[in-house]
Structures are given as structure tokens and as C-alpha cells.
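Okay, query30.cif now, which holds mmCIF, C-alpha atoms:
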```
data_model
loop_
_atom_site.label_atom_id
_atom_site.label_comp_id
_atom_site.auth_asym_id
_atom_site.auth_seq_id
_atom_site.Cartn_x
_atom_site.Cartn_y
_atom_site.Cartn_z
CA MET P 1 -27.75 -61.96 31.39
CA LYS P 2 -24.29 -63.07 30.40
CA ASN P 3 -23.07 -66.16 32.18
CA ASP P 4 -19.61 -64.71 32.96
CA LEU P 5 -17.74 -64.18 36.22
CA TYR P 6 -18.84 -60.55 36.54
CA HIS P 7 -22.50 -61.43 36.36
CA LEU P 8 -22.17 -64.64 38.40
CA ILE P 9 -20.64 -62.61 41.24
CA HIS P 10 -23.16 -59.80 40.86
CA GLN P 11 -26.07 -62.26 40.89
CA LYS P 12 -24.80 -64.02 44.01
CA ILE P 13 -24.49 -60.70 45.84
CA ILE P 14 -28.03 -59.78 44.78
CA GLU P 15 -29.33 -63.15 46.04
CA SER P 16 -27.61 -62.83 49.43
CA GLU P 17 -28.96 -60.85 52.36
CA ARG P 18 -25.99 -61.13 54.73
CA VAL P 19 -22.51 -60.90 53.24
CA VAL P 20 -19.16 -61.01 55.00
CA ILE P 21 -15.87 -59.88 53.45
CA THR P 22 -12.51 -61.09 54.71
CA SER P 23 -8.94 -60.78 53.49
CA HIS P 24 -5.54 -62.34 53.99
CA LEU P 25 -3.49 -62.47 57.16
CA ARG P 26 -1.68 -59.18 57.78
CA PRO P 27 -4.09 -57.25 55.52
CA ASP P 28 -2.73 -54.50 53.29
CA GLY P 29 -4.09 -51.37 51.66
CA ASP P 30 -5.48 -53.18 48.64
CA SER P 31 -7.50 -55.75 50.59
CA ILE P 32 -8.63 -53.25 53.25
CA CYS P 33 -9.73 -50.46 50.90
CA THR P 34 -11.31 -52.88 48.42
CA GLY P 35 -13.19 -54.53 51.27
CA LEU P 36 -14.52 -51.16 52.40
CA ALA P 37 -15.58 -50.37 48.83
CA LEU P 38 -17.37 -53.70 48.41
CA ALA P 39 -19.14 -53.21 51.73
CA LYS P 40 -20.41 -49.81 50.61
CA MET P 41 -21.59 -51.29 47.30
CA GLY P 42 -23.52 -54.00 49.10
CA GLU P 43 -25.07 -51.56 51.57
CA ALA P 44 -26.29 -49.44 48.67
CA LEU P 45 -28.12 -52.55 47.44
CA GLY P 46 -29.74 -53.01 50.84
CA LYS P 47 -27.49 -55.87 51.96
CA LYS P 48 -26.21 -56.41 55.48
CA MET P 49 -22.47 -56.20 55.01
CA SER P 50 -19.74 -57.18 57.49
CA LEU P 51 -15.96 -56.92 57.33
CA ILE P 52 -14.05 -59.41 59.47
CA ASN P 53 -10.27 -59.93 59.26
CA ARG P 54 -8.22 -62.27 61.40
CA ASP P 55 -5.44 -59.70 61.89
CA PRO P 56 -5.61 -56.03 62.94
CA THR P 57 -5.71 -53.19 60.43
CA PRO P 58 -2.20 -51.71 60.00
CA PHE P 59 -1.20 -48.04 59.95
CA PRO P 60 -2.12 -45.78 58.19
CA PHE P 61 -5.34 -47.59 57.25
CA SER P 62 -6.23 -47.96 60.92
CA GLN P 63 -6.62 -44.16 60.97
CA MET P 64 -9.50 -44.23 58.48
CA PRO P 65 -12.84 -43.60 60.25
CA GLU P 66 -14.38 -46.48 58.26
CA ALA P 67 -11.76 -48.88 59.65
CA ALA P 68 -13.54 -48.80 63.00
CA GLY P 69 -16.22 -50.98 61.41
CA ILE P 70 -13.78 -53.78 60.57
CA LYS P 71 -14.08 -56.54 63.15
CA ILE P 72 -10.98 -58.48 64.12
CA GLY P 73 -11.28 -62.21 64.73
CA GLN P 74 -13.06 -65.22 63.28
CA VAL P 75 -16.04 -65.27 60.93
CA PRO P 76 -18.84 -67.03 62.85
CA ALA P 77 -20.23 -70.26 61.41
CA ARG P 78 -23.65 -70.17 59.68
CA ARG P 79 -24.36 -66.46 60.20
CA PHE P 80 -23.95 -65.28 56.60
CA ASP P 81 -25.26 -66.17 53.15
CA LEU P 82 -22.00 -65.41 51.36
CA VAL P 83 -18.29 -64.99 52.10
CA ILE P 84 -16.09 -62.92 49.79
CA LEU P 85 -12.36 -63.57 50.22
CA LEU P 86 -9.95 -60.92 48.95
CA GLU P 87 -6.37 -61.79 47.98
CA CYS P 88 -6.46 -65.22 49.61
CA ALA P 89 -4.56 -67.91 47.71
CA SER P 90 -6.32 -70.45 49.93
CA VAL P 91 -8.80 -70.43 52.80
CA ALA P 92 -5.86 -70.96 55.16
CA ARG P 93 -4.36 -67.68 53.91
CA SER P 94 -7.34 -65.87 55.45
CA GLY P 95 -6.73 -67.34 58.90
CA GLN P 96 -10.46 -68.09 59.09
CA LYS P 97 -11.50 -71.47 60.49
CA ASN P 98 -15.30 -71.50 60.09
CA LEU P 99 -15.77 -71.10 56.33
CA GLY P 100 -16.34 -74.75 55.44
CA GLY P 101 -20.13 -74.54 55.03
CA TYR P 102 -20.26 -71.16 53.30
CA PHE P 103 -20.72 -70.25 49.66
CA LYS P 104 -17.42 -68.56 48.84
CA ILE P 105 -16.31 -66.05 46.20
CA ASN P 106 -12.54 -65.85 45.70
CA ILE P 107 -11.25 -62.55 44.24
CA ASP P 108 -7.49 -62.41 43.76
CA HIS P 109 -4.82 -60.97 41.47
CA HIS P 110 -2.00 -63.35 42.44
CA TYR P 111 -1.37 -66.17 39.98
CA SER P 112 -0.53 -68.63 42.79
CA ASN P 113 -4.13 -69.33 43.82
CA ASP P 114 -5.74 -72.69 44.68
CA SER P 115 -9.14 -71.85 43.07
CA TYR P 116 -10.85 -73.23 46.17
CA ALA P 117 -14.13 -71.30 46.13
CA ASP P 118 -17.56 -71.77 44.53
CA ILE P 119 -16.78 -68.81 42.27
CA ASN P 120 -13.11 -68.13 41.54
CA TRP P 121 -12.11 -64.83 39.93
CA VAL P 122 -8.33 -64.78 39.66
CA ASP P 123 -6.77 -62.21 37.35
CA PRO P 124 -2.94 -62.01 37.56
CA GLU P 125 -3.02 -59.23 34.96
CA ALA P 126 -4.83 -56.91 37.38
CA SER P 127 -2.75 -54.43 39.35
CA ALA P 128 -4.90 -54.90 42.46
CA VAL P 129 -8.21 -56.38 43.58
CA GLY P 130 -9.32 -52.75 43.75
CA GLU P 131 -8.97 -52.62 39.97
CA MET P 132 -10.96 -55.86 39.64
CA VAL P 133 -13.83 -54.59 41.79
CA PHE P 134 -14.00 -51.39 39.73
CA LEU P 135 -14.38 -53.54 36.59
CA LEU P 136 -17.06 -55.57 38.39
CA SER P 137 -18.96 -52.34 39.04
CA GLU P 138 -18.45 -51.12 35.49
CA LYS P 139 -19.67 -54.39 33.98
CA THR P 140 -22.68 -54.97 36.23
CA GLY P 141 -23.80 -51.56 37.46
CA LEU P 142 -22.87 -52.04 41.12
CA PRO P 143 -23.07 -48.62 42.85
CA LEU P 144 -19.99 -46.42 42.55
CA THR P 145 -20.15 -43.27 44.68
CA PRO P 146 -17.29 -40.78 45.22
CA GLU P 147 -16.57 -42.54 48.54
CA ILE P 148 -16.35 -45.95 46.87
CA ALA P 149 -14.20 -44.49 44.07
CA SER P 150 -11.83 -43.07 46.69
CA HIS P 151 -11.44 -46.46 48.38
CA LEU P 152 -10.73 -48.24 45.10
CA TYR P 153 -8.25 -45.57 43.99
CA CYS P 154 -6.45 -45.86 47.34
CA ALA P 155 -6.32 -49.66 46.92
CA ILE P 156 -4.63 -49.41 43.52
CA VAL P 157 -2.18 -46.64 44.49
CA SER P 158 -1.22 -48.59 47.61
CA ASP P 159 -0.60 -51.89 45.82
CA THR P 160 1.35 -50.33 42.93
CA GLY P 161 3.54 -48.29 45.29
CA SER P 162 2.17 -45.10 43.77
CA PHE P 163 2.62 -46.59 40.28
CA GLN P 164 6.27 -47.57 40.86
CA PHE P 165 5.93 -51.37 41.00
CA SER P 166 5.88 -53.83 38.11
CA ASN P 167 2.14 -54.49 38.52
CA THR P 168 1.50 -50.97 37.17
CA THR P 169 -0.22 -51.30 33.78
CA SER P 170 -2.03 -49.16 31.25
CA ARG P 171 -5.30 -50.65 32.52
CA ALA P 172 -4.44 -49.53 36.06
CA PHE P 173 -3.94 -45.98 34.82
CA ASP P 174 -7.18 -46.15 32.83
CA VAL P 175 -9.14 -47.36 35.86
CA CYS P 176 -7.59 -44.70 38.09
CA HIS P 177 -8.43 -42.02 35.52
CA LYS P 178 -12.07 -43.11 35.69
CA LEU P 179 -12.00 -43.25 39.50
CA VAL P 180 -10.66 -39.70 39.71
CA ARG P 181 -13.44 -38.54 37.40
CA LEU P 182 -15.88 -40.27 39.75
CA GLY P 183 -14.59 -38.37 42.78
CA ALA P 184 -11.31 -39.89 43.99
CA ASN P 185 -8.77 -37.26 45.08
CA PRO P 186 -5.17 -38.17 44.08
CA ILE P 187 -3.51 -35.51 46.27
CA LYS P 188 -5.50 -36.47 49.35
CA THR P 189 -4.77 -40.17 48.78
CA THR P 190 -1.02 -39.62 48.32
CA GLU P 191 -0.88 -37.48 51.45
CA PHE P 192 -2.70 -40.16 53.44
CA LEU P 193 -0.62 -43.09 52.16
CA PHE P 194 2.88 -41.63 52.06
CA ASN P 195 3.08 -38.47 54.16
CA THR P 196 1.70 -39.48 57.54
CA ASN P 197 4.70 -41.29 59.02
CA PRO P 198 5.39 -40.71 62.72
CA PRO P 199 8.99 -39.74 63.63
CA GLU P 200 9.41 -43.16 65.27
CA LYS P 201 8.96 -44.92 61.92
CA ILE P 202 11.74 -42.87 60.34
CA LYS P 203 14.01 -43.84 63.23
CA LEU P 204 12.95 -47.47 62.77
CA LEU P 205 13.84 -47.23 59.10
CA GLY P 206 17.41 -46.31 60.08
CA HIS P 207 17.69 -49.36 62.35
CA VAL P 208 16.38 -51.70 59.65
CA LEU P 209 18.65 -50.29 56.94
CA SER P 210 21.64 -50.71 59.27
CA THR P 211 21.14 -54.50 58.94
CA LEU P 212 21.69 -54.35 55.16
CA ARG P 213 23.75 -57.23 53.77
CA MET P 214 24.74 -57.91 50.18
CA ASN P 215 25.95 -61.05 48.43
CA LYS P 216 29.34 -60.87 46.69
CA LYS P 217 27.79 -60.30 43.26
CA GLY P 218 25.66 -57.43 44.56
CA THR P 219 22.48 -59.00 43.19
CA ILE P 220 20.79 -59.91 46.49
CA ALA P 221 20.20 -57.57 49.42
CA THR P 222 18.84 -58.57 52.82
CA ILE P 223 17.41 -56.36 55.55
CA THR P 224 15.88 -57.36 58.87
CA MET P 225 13.33 -55.98 61.29
CA PHE P 226 13.62 -57.51 64.74
CA LYS P 227 10.85 -57.21 67.30
CA LYS P 228 13.24 -55.34 69.57
CA PHE P 229 13.33 -52.52 67.00
CA LEU P 230 9.56 -52.13 67.24
CA ARG P 231 9.67 -52.27 71.03
CA ALA P 232 12.37 -49.61 71.17
CA PHE P 233 10.06 -47.12 69.48
CA HIS P 234 6.82 -48.41 71.01
CA LEU P 235 5.57 -49.46 67.60
CA ARG P 236 3.47 -52.41 66.55
CA GLU P 237 3.59 -53.99 63.11
CA ILE P 238 3.53 -51.17 60.56
CA ASP P 239 3.66 -50.76 56.81
CA THR P 240 7.26 -51.31 55.70
CA GLU P 241 6.94 -51.41 51.90
CA ASP P 242 8.93 -48.19 51.59
CA ILE P 243 11.89 -49.80 53.36
CA THR P 244 12.09 -52.60 50.79
CA THR P 245 11.72 -50.02 48.02
CA LEU P 246 14.84 -48.23 49.27
CA ALA P 247 16.85 -51.47 49.34
CA ARG P 248 15.60 -52.46 45.90
CA SER P 249 16.78 -49.11 44.51
CA ILE P 250 20.44 -50.19 44.93
CA LYS P 251 22.08 -50.48 41.54
CA GLY P 252 22.54 -54.10 40.45
CA VAL P 253 20.18 -55.58 43.04
CA GLU P 254 17.80 -58.14 41.53
CA MET P 255 16.19 -59.36 44.75
CA VAL P 256 15.55 -57.94 48.21
CA LEU P 257 14.82 -60.24 51.15
CA PHE P 258 13.14 -58.49 54.06
CA PHE P 259 13.27 -60.64 57.21
CA LYS P 260 10.54 -59.67 59.71
CA GLU P 261 10.72 -61.39 63.07
CA MET P 262 7.24 -62.72 63.91
CA ALA P 263 8.17 -64.83 66.94
CA ARG P 264 11.26 -66.48 68.37
CA ASP P 265 13.06 -68.24 65.48
CA THR P 266 10.19 -67.44 63.08
CA PHE P 267 10.51 -64.91 60.27
CA ARG P 268 8.17 -63.67 57.57
CA ILE P 269 10.38 -63.07 54.52
CA SER P 270 9.11 -60.59 51.95
CA LEU P 271 10.69 -60.82 48.51
CA ARG P 272 10.87 -57.85 46.16
CA SER P 273 12.54 -58.30 42.78
CA LYS P 274 13.09 -56.47 39.53
CA GLY P 275 14.01 -57.36 35.98
CA LEU P 276 13.73 -61.06 35.15
CA ALA P 277 14.00 -62.27 38.78
CA ASN P 278 10.74 -64.06 39.65
CA ALA P 279 9.93 -63.52 43.33
CA ALA P 280 6.80 -65.71 43.21
CA ALA P 281 8.68 -68.71 41.80
CA ILE P 282 11.27 -68.41 44.56
CA ALA P 283 8.65 -67.98 47.29
CA GLU P 284 6.93 -71.14 46.08
CA GLN P 285 10.18 -73.06 46.63
CA PHE P 286 9.79 -72.18 50.32
CA GLY P 287 6.03 -72.83 50.57
CA GLY P 288 4.91 -69.27 49.86
CA GLY P 289 3.66 -67.35 46.84
CA GLY P 290 2.73 -63.99 45.41
CA HIS P 291 3.43 -61.84 42.35
CA VAL P 292 6.34 -62.03 39.92
CA HIS P 293 8.04 -59.09 41.65
CA ALA P 294 6.42 -59.20 45.10
CA ALA P 295 6.05 -62.39 47.10
CA GLY P 296 6.76 -63.92 50.48
CA PHE P 297 7.07 -66.97 52.70
CA THR P 298 7.63 -67.92 56.33
CA ALA P 299 10.80 -69.61 57.59
CA SER P 300 11.66 -71.05 60.99
CA GLY P 301 15.05 -71.55 62.55
CA PRO P 302 17.93 -69.62 64.13
CA TYR P 303 18.35 -66.21 62.52
CA ASP P 304 22.09 -66.61 61.87
CA LYS P 305 21.42 -69.79 59.90
CA LEU P 306 18.45 -68.39 57.95
CA ILE P 307 20.22 -65.17 56.97
CA ARG P 308 23.15 -67.24 55.68
CA ASP P 309 21.40 -70.16 54.00
CA ILE P 310 18.31 -68.62 52.38
CA PRO P 311 20.16 -65.97 50.31
CA ARG P 312 22.59 -68.68 49.17
CA GLN P 313 19.72 -70.92 48.04
CA ILE P 314 18.07 -68.02 46.23
CA GLU P 315 21.32 -66.99 44.55
CA LYS P 316 21.74 -70.56 43.32
CA PHE P 317 18.14 -70.63 42.07
CA LEU P 318 18.57 -67.33 40.19
CA GLU P 319 21.80 -68.59 38.62
CA GLN P 320 20.11 -71.80 37.45
CA LYS P 321 17.27 -69.82 35.91
CA ARG P 322 19.73 -67.50 34.20
CA GLU P 323 21.68 -70.46 32.74
CA SER P 324 18.45 -72.09 31.54
CA ALA P 325 17.37 -68.87 29.85
CA LEU P 326 20.75 -68.58 28.11
CA LYS P 327 20.54 -72.20 26.86
CA ILE P 328 17.02 -71.64 25.51
CA HIS P 329 18.17 -68.46 23.81
CA ALA P 330 21.17 -70.25 22.27
CA LEU P 331 18.98 -73.11 20.97
CA SER P 332 16.44 -70.73 19.48
CA SER P 333 19.24 -68.79 17.76
CA ARG P 334 20.53 -71.98 16.11
CA THR P 335 17.13 -72.90 14.72
CA GLU P 336 16.46 -69.51 13.20
#
```
Structure re-expressed in C-alpha cells:
Amino acid sequence: MKNDLYHLIHQKIIESERVVITSHLRPDGDSICTGLALAKMGEALGKKMSLINRDPTPFPFSQMPEAAGIKIGQVPARRFDLVILLECASVARSGQKNLGGYFKINIDHHYSNDSYADINWVDPEASAVGEMVFLLSEKTGLPLTPEIASHLYCAIVSDTGSFQFSNTTSRAFDVCHKLVRLGANPIKTTEFLFNTNPPEKIKLLGHVLSTLRMNKKGTIATITMFKKFLRAFHLREIDTEDITTLARSIKGVEMVLFFKEMARDTFRISLRSKGLANAAAIAEQFGGGGHVHAAGFTASGPYDKLIRDIPRQIEKFLEQKRESALKIHALSSRTE
């Protein structure tokens, strides 16, 4: 047997009787659907599989019948043989507090990862962890039923924004082609992910877009979702990726900052960029992380100050990077 990551992970799953899967705080479609797929793979091998996330499953994934089996809360200490963490740059990112004594497998496709586990599989070239788990199955023979294929396809479509985001690659298309041949239904998945919005969400979208601000150069856009917006429509936290996609579609915009009020004077700021603007590098400046074009961080303070100061800092950072790139280009031109 090859001593590579695929087979190390496969062997550890085979050796374990009780496996728990967890994902990052505020789980998304990639982590949720990939977790469900991994659980089904393990069950087919006769393993006792559990899914435990710290935060609730968001809409529309909460409507999946399988989502009822995802427990919300803390992973108990010393109850499992193995913990698999999906898309967690660190243990803290999972929100789990009892993982210290566990053997851990870290599966992630964000380059900003602490490599904290016993087995670390971090592939920034992957479009989604759903893509990675398909490759794991392909390399090691882990079971891949039509149901599992559907979950993995949904994970990839969700994380690539239906193949619109910069993490869309030829390998993602190749994997999805294989998943469709194995039983995934593209039309059913698209309908589930993008055409199940309640009227209240469309009204919410209008409120959020009404907060749109632009810097003078037109390169940075900010939008905000206050808790009062959610309360007005009797909504809890919902998927809002499509709102940032609309703001990012503005001509000339390099970066979108989506301020989501989490508590009084506390905001989760999602960054979405395009072109050469590196969202992950900016998020890291504020203690966060993520992908080149999709990242985030948390900021605390009065909203009026944050909405003024953070875009200014980011604009300055982008300008410095642009000047550095121009200097490097000029130097390379002279030496040619």
C-alpha cells in the first residue's frame, strides 16, 4: 500500500470503529454535504459515524432529510476513535473544545491552515473539500453510491457558486462529470441550491443592497446585514452568497466587504474579490483567512467607525500591492 495521504486517511478510517465528523463555525454547503458523504462512506464500511457541528445547519441545507442526523453542539471527550475536521484552519475554527485527546484528520482546501492534526491534507488547488473526498474515494476505493455522488456534487456546485467563482477549475469540472455519471442530478441540485428562496429572503436582499457604499475610485463596495433586517422578516442566519455576488458584479469593483452583524458592535466581514485582489491576504491582516477570492474575518467596534476605517485600510493595502507589482514588473523589464 502506498504511504501517501490518500491511503493514510483510508487506513485510519478502516482502523477506527467510531468516527465523528465536524466542520467550521457557520457551516456551509461544502462542509455539510461533504460531511454527509463521508458519513455514508463510513457507514458502508460498517463504521459508526456521527456528524456534530457547533453551529446550526443553514438554509437550504437544513431542508435536506439527512440534515436531521447532524447534531448541534460539542463533540464529547473520549467517545470516538477518530475526528475528521472539514475546512477548519485550526481546531478553534471548529468551535469544538474537547478534541485535545483525539486522533485528528484535517481536510481543507484553504491555503491558510495551521496543519494542526495528526494527518493534514490541505490542497489549495481543490475547488472544495467535496472534490478532495471524491479523489479520496477514487484513489482508495471508498464506497461511492448515487447518494454519495449527489452530496459531493452539491458540495462542489455550492462552493464554486455554480461554477462562477475563481476556485472553478478543469479538475472540478472533471470530478463533477464523473459524479454525474455516478448518479448526481445537476438539475435537481441547481433547483435545490438556487431556486428555493422564500419571498422574505428576496425582501431582505433589497434591504441589504440599500446599504451599498462605494469608495471614490469605485474599486471597493460595502454592504451590510443588520440583525434588525433578519428580525423584520422573521429570518435567522441564512445563505447570503448571492448578495455578495450581485455587489461583486459592479463594473470596476475589485473587492466586496459584506458586514454581517453578529452581536452588538461585532461584525463578521466576508471578503469577495476578483482579478488580482487577494482577499485571503487582506483577511489575514485582520486575523482571518480564506481563499484568494473568498475570505473573512471578525471585527469589533462601533459600526460607523468600522464601515469608515476598514475600507480605507483595505484600499491602502490594495494600492501598496499594486505599486509593488508595478515596481517588480519594471525591474524585470529592465533585466530582460
What does the PyMOL selection byres ((chain P and resi 40-49) around 10) select in this file, as a PyMOL selection string? chain P and resi 13-21+34-39+50-51+80+82+137+142-145+147-148+151
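The nearest approach to Asp55 of chain P among the residues P:Glu200, P:Asp28, P:Glu138, P:Asp309, with all atoms listed in the file taken into account, belongs to P:Asp28.
Going from atom CA of Asn53 of chain P over to atom CA of Cys33 of chain P, you cover 12.6 Å.
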Exercise: segment 103-113 of chain P partners within 8 Å, all atoms listed in the file, chain neighbours under 5 positions left out, as a ChimeraX atom specification: /P:9,81-90,118-129,280,289-291
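Relative to atom CA of Lys201 of chain P, atom CA of Leu152 of chain P is found at 26.1 Å.
Within the 12 Å cut-off around Gly73 of chain P, using all atoms listed in the file and omitting residues fewer than 3 positions from it on the same chain, the listed residues are Thr22, Ser23, Leu25, Leu51, Ile52, Asn53, Arg54, Asp55, Pro56, Thr57, Ile70, Pro76, Ser94, Gly95, Gln96, Lys97 and Asn98 of chain P.
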Okay, now the selection with C-alpha atoms, as a short mmCIF file (atom, residue, chain, number, x, y, z; two decimals), in the frame of the given file?
```
data_model
loop_
_atom_site.label_atom_id
_atom_site.label_comp_id
_atom_site.auth_asym_id
_atom_site.auth_seq_id
_atom_site.Cartn_x
_atom_site.Cartn_y
_atom_site.Cartn_z
CA THR P 22 -12.51 -61.09 54.71
CA SER P 23 -8.94 -60.78 53.49
CA LEU P 25 -3.49 -62.47 57.16
CA LEU P 51 -15.96 -56.92 57.33
CA ILE P 52 -14.05 -59.41 59.47
CA ASN P 53 -10.27 -59.93 59.26
CA ARG P 54 -8.22 -62.27 61.40
CA ASP P 55 -5.44 -59.70 61.89
CA PRO P 56 -5.61 -56.03 62.94
CA THR P 57 -5.71 -53.19 60.43
CA ILE P 70 -13.78 -53.78 60.57
CA PRO P 76 -18.84 -67.03 62.85
CA SER P 94 -7.34 -65.87 55.45
CA GLY P 95 -6.73 -67.34 58.90
CA GLN P 96 -10.46 -68.09 59.09
CA LYS P 97 -11.50 -71.47 60.49
CA ASN P 98 -15.30 -71.50 60.09
#
```
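Across the model, the gap from atom CA of Val91 of chain P to atom CA of Leu135 of chain P is 24.1 Å.
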Residues within 12 Å of segment 187-194 of chain P, all atoms listed in the file, excluding chain neighbours under 6 positions, as a PDB file with C-alpha atoms, in the frame of the given file:
```pdb
ATOM      1  CA  ASP P  28      -2.730 -54.500  53.290  1.00  0.00           C
ATOM      2  CA  GLY P  29      -4.090 -51.370  51.660  1.00  0.00           C
ATOM      3  CA  ASP P  30      -5.480 -53.180  48.640  1.00  0.00           C
ATOM      4  CA  CYS P  33      -9.730 -50.460  50.900  1.00  0.00           C
ATOM      5  CA  PRO P  58      -2.200 -51.710  60.000  1.00  0.00           C
ATOM      6  CA  PHE P  59      -1.200 -48.040  59.950  1.00  0.00           C
ATOM      7  CA  PRO P  60      -2.120 -45.780  58.190  1.00  0.00           C
ATOM      8  CA  PHE P  61      -5.340 -47.590  57.250  1.00  0.00           C
ATOM      9  CA  SER P  62      -6.230 -47.960  60.920  1.00  0.00           C
ATOM     10  CA  GLN P  63      -6.620 -44.160  60.970  1.00  0.00           C
ATOM     11  CA  MET P  64      -9.500 -44.230  58.480  1.00  0.00           C
ATOM     12  CA  ALA P 149     -14.200 -44.490  44.070  1.00  0.00           C
ATOM     13  CA  SER P 150     -11.830 -43.070  46.690  1.00  0.00           C
ATOM     14  CA  HIS P 151     -11.440 -46.460  48.380  1.00  0.00           C
ATOM     15  CA  LEU P 152     -10.730 -48.240  45.100  1.00  0.00           C
ATOM     16  CA  TYR P 153      -8.250 -45.570  43.990  1.00  0.00           C
ATOM     17  CA  CYS P 154      -6.450 -45.860  47.340  1.00  0.00           C
ATOM     18  CA  ALA P 155      -6.320 -49.660  46.920  1.00  0.00           C
ATOM     19  CA  ILE P 156      -4.630 -49.410  43.520  1.00  0.00           C
ATOM     20  CA  VAL P 157      -2.180 -46.640  44.490  1.00  0.00           C
ATOM     21  CA  SER P 158      -1.220 -48.590  47.610  1.00  0.00           C
ATOM     22  CA  ASP P 159      -0.600 -51.890  45.820  1.00  0.00           C
ATOM     23  CA  THR P 160       1.350 -50.330  42.930  1.00  0.00           C
ATOM     24  CA  GLY P 161       3.540 -48.290  45.290  1.00  0.00           C
ATOM     25  CA  SER P 162       2.170 -45.100  43.770  1.00  0.00           C
ATOM     26  CA  PHE P 163       2.620 -46.590  40.280  1.00  0.00           C
ATOM     27  CA  CYS P 176      -7.590 -44.700  38.090  1.00  0.00           C
ATOM     28  CA  VAL P 180     -10.660 -39.700  39.710  1.00  0.00           C
ATOM     29  CA  ASP P 239       3.660 -50.760  56.810  1.00  0.00           C
ATOM     30  CA  THR P 240       7.260 -51.310  55.700  1.00  0.00           C
ATOM     31  CA  GLU P 241       6.940 -51.410  51.900  1.00  0.00           C
ATOM     32  CA  ASP P 242       8.930 -48.190  51.590  1.00  0.00           C
TER      33      ASP P 242
END
```
Residue with the minimum atom-to-atom distance to Val175 of chain P, picked from P:Leu318, P:Ala283, P:Ile269, P:Leu136 with all atoms listed in the file counted, is P:Leu136
Could you pull the residues within 7 Å of Ile220 of chain P, counting only C-alpha atoms, minus those fewer than 3 positions along the same chain, as a VMD selection string? chain P and resid 214 to 215 253 to 256
For C-alpha atoms, I'd like the residues from the last selection saved as a compact mmCIF listing (two decimals), keeping the file's coordinate frame.
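The result, written out as selection_17.txt:
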```txt
# COMPACT_ATOMS: atom_id res chain seq x y z
CA MET P 214 24.74 -57.91 50.18
CA ASN P 215 25.95 -61.05 48.43
CA VAL P 253 20.18 -55.58 43.04
CA GLU P 254 17.80 -58.14 41.53
CA MET P 255 16.19 -59.36 44.75
CA VAL P 256 15.55 -57.94 48.21
```
For Gly296 of chain P, which of P:Lys260, P:Lys228, P:Lys203, P:Arg312 is the closest residue, counting only C-alpha atoms?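 Result for the nearest residue to Gly296 of chain P: P:Lys260.
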